[in-house]
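Asker: Pasting in a structure now, in structure tokens, and then I'll have a few things to ask.
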Amino acid sequence: MEIGNKKPLCFVPINTLSDVQPIRCCSFSEDGLLYAVGSNSKTLRICLYPPQINNISKPTQTSVIFKRTKHHKGSIYCLSWSRDGQFIASGSNDKTIKIIKYSSENKQLEGRELELTMHDGTVRDLCFMNESSTERKVLVSGGAGDCKVYISDCGVLTPMQAYAGHSGHIYSLYSWENNMVVTGSQDKTVRFWDIRVPECINSVLPGSYYDAMGSPVTAVCVDPTGRLLVSGHEDASCVLHDIRRNRQIQCFQPHSADIRSIRFSPSAYYLLTCGYDNKIVLTDLQGNLTLSLPSVVVGEHSDKVISARWHPRDFSILTTSADKTAKLWAIPNI
């Protein structure tokens, strides 16, 4: 498999974690030494990332160093590590967010579990914001129910801000810099928020592959420069949008079914997508973004792929699926 004229990308599953029900979500710690997965079985697992992964020539056993059953009363839909690696937040269809402090040294929880209960529907996505100038932990979350975006100070367990604007379920969100948040919704819009401002600062209706009036937005992400938005849609469209010029660059279709997760690589050279066609796809972004973009299938599950994440340092990826597995993929000997 090749992207353009570049070296073939041959990802192989280095290890596979299995559950009794679909595994929905995953998240790497900021230092890349650990990763967490959450499933429909309400189970949270923390796993050890294998050292020198690209030197591994055959599949190895997943090293689960922490497992907690019945972490929520419902399925675990989303996970996020805090930037300092101390806290893990999870959201569920039990309408709650749980925040735990995990000691990687002692391999156990520390202190009491925290719970946020302001959502009145499934918590579909969440992430810690980058509050580098302060010690406080700020969490942004969204989902079904009232379709609001909540900004919460985890230290006092109360929402700092509740943003209304979407008219459909919030499927995905992403934060960058210190104050910016973008959300994608069932209402087909992408909305931009600055937590210093009490209302939406911009709203975009991405034109999809089949319909200029768009398709429900199932995944959003912003590149490391803060200039490029990418959105994934129910009709398998992927849309690139210039944030600063507020214009759509292009729409393409790397999948044949709903896109459920989108992430730029740490260098932003590649775009990682996965979807309900069971496929994991990389798209090369190193050329002219207004021209046709080369994409290649780099992995596949036996059922719908629900989430995919890049490792923060290595050229490896983590995926979760309705086939009840989470797989860690890498390219041996690169």
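By order of appearance in the structure tokens: chains A, B, ..., then residues from 1 within every chain, and ligands from 1 in the order shown.
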I'd like the contact shell of segment 152-162 of chain A - 8 Å cut-off, only C-alpha atoms, skipping same-chain residues fewer than 6 positions apart - returned as a PyMOL selection string.
Answerer: chain A and resi 114-116+118+136-140+195+198
Asker: Mind checking which residues fall within 10 Å of Asp94 of chain A, counting only C-alpha atoms, ignoring those fewer than 5 positions away in the same chain, and posting them as a PDB file with N, CA, C and O atoms, in the first residue's frame?
Answerer:
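File out_15.pdb, as written:
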```pdb
ATOM      1  N   HIS A  72     -19.038   2.791  34.930  1.00  0.00           N
ATOM      2  CA  HIS A  72     -20.271   3.567  34.784  1.00  0.00           C
ATOM      3  C   HIS A  72     -21.457   2.622  34.911  1.00  0.00           C
ATOM      4  O   HIS A  72     -21.300   1.397  34.903  1.00  0.00           O
ATOM      5  N   LYS A  73     -22.646   3.208  34.987  1.00  0.00           N
ATOM      6  CA  LYS A  73     -23.868   2.400  34.981  1.00  0.00           C
ATOM      7  C   LYS A  73     -24.310   2.066  33.556  1.00  0.00           C
ATOM      8  O   LYS A  73     -25.243   1.287  33.363  1.00  0.00           O
ATOM      9  N   GLY A  74     -23.664   2.694  32.582  1.00  0.00           N
ATOM     10  CA  GLY A  74     -23.970   2.460  31.178  1.00  0.00           C
ATOM     11  C   GLY A  74     -22.698   2.308  30.369  1.00  0.00           C
ATOM     12  O   GLY A  74     -21.588   2.224  30.919  1.00  0.00           O
ATOM     13  N   SER A  75     -22.841   2.286  29.052  1.00  0.00           N
ATOM     14  CA  SER A  75     -21.692   2.164  28.155  1.00  0.00           C
ATOM     15  C   SER A  75     -20.779   3.376  28.287  1.00  0.00           C
ATOM     16  O   SER A  75     -21.236   4.500  28.481  1.00  0.00           O
ATOM     17  N   ILE A  76     -19.471   3.141  28.150  1.00  0.00           N
ATOM     18  CA  ILE A  76     -18.504   4.235  28.157  1.00  0.00           C
ATOM     19  C   ILE A  76     -18.334   4.722  26.726  1.00  0.00           C
ATOM     20  O   ILE A  76     -17.864   3.988  25.862  1.00  0.00           O
ATOM     21  N   TYR A  77     -18.742   5.954  26.465  1.00  0.00           N
ATOM     22  CA  TYR A  77     -18.750   6.523  25.120  1.00  0.00           C
ATOM     23  C   TYR A  77     -17.481   7.299  24.778  1.00  0.00           C
ATOM     24  O   TYR A  77     -17.126   7.421  23.600  1.00  0.00           O
ATOM     25  N   THR A 117     -22.758  15.713  36.845  1.00  0.00           N
ATOM     26  CA  THR A 117     -24.109  15.221  36.521  1.00  0.00           C
ATOM     27  C   THR A 117     -24.973  16.252  35.804  1.00  0.00           C
ATOM     28  O   THR A 117     -26.200  16.149  35.808  1.00  0.00           O
ATOM     29  N   HIS A 119     -25.311  16.829  32.553  1.00  0.00           N
ATOM     30  CA  HIS A 119     -25.891  16.395  31.275  1.00  0.00           C
ATOM     31  C   HIS A 119     -27.224  15.680  31.504  1.00  0.00           C
ATOM     32  O   HIS A 119     -27.387  14.952  32.494  1.00  0.00           O
ATOM     33  N   ASP A 120     -28.165  15.883  30.575  1.00  0.00           N
ATOM     34  CA  ASP A 120     -29.441  15.170  30.677  1.00  0.00           C
ATOM     35  C   ASP A 120     -29.622  14.191  29.514  1.00  0.00           C
ATOM     36  O   ASP A 120     -30.737  13.798  29.178  1.00  0.00           O
ATOM     37  N   GLY A 121     -28.520  13.802  28.908  1.00  0.00           N
ATOM     38  CA  GLY A 121     -28.512  12.805  27.838  1.00  0.00           C
ATOM     39  C   GLY A 121     -27.130  12.168  27.769  1.00  0.00           C
ATOM     40  O   GLY A 121     -26.239  12.480  28.571  1.00  0.00           O
ATOM     41  N   THR A 122     -26.946  11.274  26.813  1.00  0.00           N
ATOM     42  CA  THR A 122     -25.665  10.594  26.642  1.00  0.00           C
ATOM     43  C   THR A 122     -24.525  11.593  26.447  1.00  0.00           C
ATOM     44  O   THR A 122     -24.637  12.524  25.655  1.00  0.00           O
ATOM     45  N   VAL A 123     -23.436  11.405  27.182  1.00  0.00           N
ATOM     46  CA  VAL A 123     -22.233  12.220  26.998  1.00  0.00           C
ATOM     47  C   VAL A 123     -21.441  11.579  25.862  1.00  0.00           C
ATOM     48  O   VAL A 123     -20.832  10.529  26.029  1.00  0.00           O
TER      49      VAL A 123
END
```
Asker: What's the 9 Å shell around segment 16-28 of chain A, counting only C-alpha atoms, without same-chain residues fewer than 5 positions away, as a ChimeraX atom specification?
Answerer: /A:33-41,43,49,59-62,64,75-81,305-312,318-328
Asker: A:Lys95, A:His301, A:Arg191, A:Arg112: which is nearest Asp146 of chain A, counting only C-alpha atoms?
Answerer: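 Closest candidate: A:Lys95.
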Asker: For Gly275 of chain A, work out the shell of residues within 10 Å, counting only C-alpha atoms and skipping chain neighbours fewer than 2 positions away, then give it as a ChimeraX atom specification.
Answerer: /A:218,232-234,236,254-262,273,277-281,300,303-308,321
Asker: Next, the residues of the selection above should be written as an mmCIF file, in the first residue's frame with N, CA and C atoms.
Answerer:
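The resulting file, out_1.cif, is reproduced below:
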```cif
data_model
loop_
_atom_site.group_PDB
_atom_site.id
_atom_site.type_symbol
_atom_site.label_atom_id
_atom_site.label_comp_id
_atom_site.auth_asym_id
_atom_site.auth_seq_id
_atom_site.Cartn_x
_atom_site.Cartn_y
_atom_site.Cartn_z
ATOM 1 N N THR A 218 -20.185 13.879 12.396
ATOM 2 C CA THR A 218 -19.902 12.820 13.364
ATOM 3 C C THR A 218 -18.515 12.906 13.982
ATOM 4 N N GLY A 232 -15.889 14.977 9.697
ATOM 5 C CA GLY A 232 -16.359 13.726 9.115
ATOM 6 C C GLY A 232 -17.868 13.654 9.244
ATOM 7 N N HIS A 233 -18.525 12.956 8.302
ATOM 8 C CA HIS A 233 -19.985 13.031 8.220
ATOM 9 C C HIS A 233 -20.632 11.657 8.057
ATOM 10 N N GLU A 234 -21.930 11.613 8.324
ATOM 11 C CA GLU A 234 -22.685 10.362 8.222
ATOM 12 C C GLU A 234 -22.718 9.808 6.806
ATOM 13 N N ALA A 236 -20.297 9.687 4.812
ATOM 14 C CA ALA A 236 -18.914 9.294 4.497
ATOM 15 C C ALA A 236 -18.077 10.432 3.929
ATOM 16 N N PRO A 254 -13.190 9.292 1.811
ATOM 17 C CA PRO A 254 -12.240 8.206 2.025
ATOM 18 C C PRO A 254 -12.875 6.902 2.494
ATOM 19 N N HIS A 255 -14.182 6.949 2.803
ATOM 20 C CA HIS A 255 -14.895 5.762 3.290
ATOM 21 C C HIS A 255 -16.177 5.555 2.485
ATOM 22 N N SER A 256 -16.789 4.391 2.679
ATOM 23 C CA SER A 256 -18.051 4.087 2.002
ATOM 24 C C SER A 256 -19.229 4.058 2.967
ATOM 25 N N ALA A 257 -18.983 4.417 4.223
ATOM 26 C CA ALA A 257 -20.042 4.500 5.235
ATOM 27 C C ALA A 257 -19.644 5.578 6.245
ATOM 28 N N ASP A 258 -20.514 5.808 7.245
ATOM 29 C CA ASP A 258 -20.296 6.867 8.240
ATOM 30 C C ASP A 258 -18.847 6.943 8.699
ATOM 31 N N ILE A 259 -18.300 8.151 8.721
ATOM 32 C CA ILE A 259 -17.000 8.387 9.371
ATOM 33 C C ILE A 259 -17.269 8.648 10.847
ATOM 34 N N ARG A 260 -16.525 7.978 11.713
ATOM 35 C CA ARG A 260 -16.788 8.096 13.146
ATOM 36 C C ARG A 260 -15.645 8.704 13.943
ATOM 37 N N SER A 261 -14.481 8.842 13.333
ATOM 38 C CA SER A 261 -13.357 9.425 14.064
ATOM 39 C C SER A 261 -12.381 10.037 13.075
ATOM 40 N N ILE A 262 -11.819 11.190 13.437
ATOM 41 C CA ILE A 262 -10.842 11.896 12.589
ATOM 42 C C ILE A 262 -9.745 12.467 13.486
ATOM 43 N N THR A 273 -8.614 8.448 9.600
ATOM 44 C CA THR A 273 -10.071 8.341 9.709
ATOM 45 C C THR A 273 -10.471 6.882 9.876
ATOM 46 N N ASP A 277 -17.546 1.374 7.637
ATOM 47 C CA ASP A 277 -17.205 0.414 6.587
ATOM 48 C C ASP A 277 -16.116 -0.554 7.060
ATOM 49 N N ASN A 278 -15.794 -0.501 8.364
ATOM 50 C CA ASN A 278 -14.818 -1.381 9.026
ATOM 51 C C ASN A 278 -13.363 -1.005 8.749
ATOM 52 N N LYS A 279 -13.135 0.104 8.040
ATOM 53 C CA LYS A 279 -11.798 0.419 7.560
ATOM 54 C C LYS A 279 -11.129 1.560 8.341
ATOM 55 N N ILE A 280 -9.790 1.492 8.352
ATOM 56 C CA ILE A 280 -8.935 2.548 8.896
ATOM 57 C C ILE A 280 -8.159 3.124 7.718
ATOM 58 N N VAL A 281 -8.241 4.430 7.524
ATOM 59 C CA VAL A 281 -7.697 5.056 6.315
ATOM 60 C C VAL A 281 -6.746 6.191 6.683
ATOM 61 N N GLU A 300 -8.033 -2.875 9.050
ATOM 62 C CA GLU A 300 -9.451 -3.198 8.969
ATOM 63 C C GLU A 300 -9.860 -4.051 10.168
ATOM 64 N N ASP A 303 -15.824 -5.526 12.068
ATOM 65 C CA ASP A 303 -17.085 -4.809 12.241
ATOM 66 C C ASP A 303 -16.767 -3.317 12.276
ATOM 67 N N LYS A 304 -17.764 -2.493 12.511
ATOM 68 C CA LYS A 304 -17.615 -1.042 12.490
ATOM 69 C C LYS A 304 -16.447 -0.571 13.368
ATOM 70 N N VAL A 305 -15.663 0.377 12.831
ATOM 71 C CA VAL A 305 -14.593 0.996 13.618
ATOM 72 C C VAL A 305 -15.146 2.287 14.216
ATOM 73 N N ILE A 306 -15.059 2.405 15.531
ATOM 74 C CA ILE A 306 -15.739 3.491 16.239
ATOM 75 C C ILE A 306 -14.809 4.657 16.561
ATOM 76 N N SER A 307 -13.558 4.357 16.908
ATOM 77 C CA SER A 307 -12.625 5.446 17.213
ATOM 78 C C SER A 307 -11.210 5.056 16.811
ATOM 79 N N ALA A 308 -10.396 6.083 16.553
ATOM 80 C CA ALA A 308 -8.992 5.873 16.185
ATOM 81 C C ALA A 308 -8.176 7.050 16.714
ATOM 82 N N SER A 321 -13.546 -0.993 18.153
ATOM 83 C CA SER A 321 -14.511 -1.474 17.163
ATOM 84 C C SER A 321 -15.707 -2.175 17.796
#
```
Asker: Out of A:Arg245, A:Leu289, A:Asn333, A:Leu228, which residue has the shortest atom-to-atom distance to Arg263 of chain A when counting only C-alpha atoms?
Answerer: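 Nearest to Arg263 of chain A: A:Leu228.
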Asker: Counting only C-alpha atoms, which of A:Val220, A:Gly299, A:Asn54, A:Gln253 gets nearest to His241 of chain A?
Answerer: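 The shortest atom-to-atom distance to His241 of chain A comes from A:Val220.
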Asker: Pick the closest to Cys274 of chain A from A:Leu173, A:Cys238, A:Leu109, A:Ala212: which is it, counting only C-alpha atoms?
Answerer: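 Between A:Leu173, A:Cys238, A:Leu109, A:Ala212, the residue approaching Cys274 of chain A most closely is A:Cys238.
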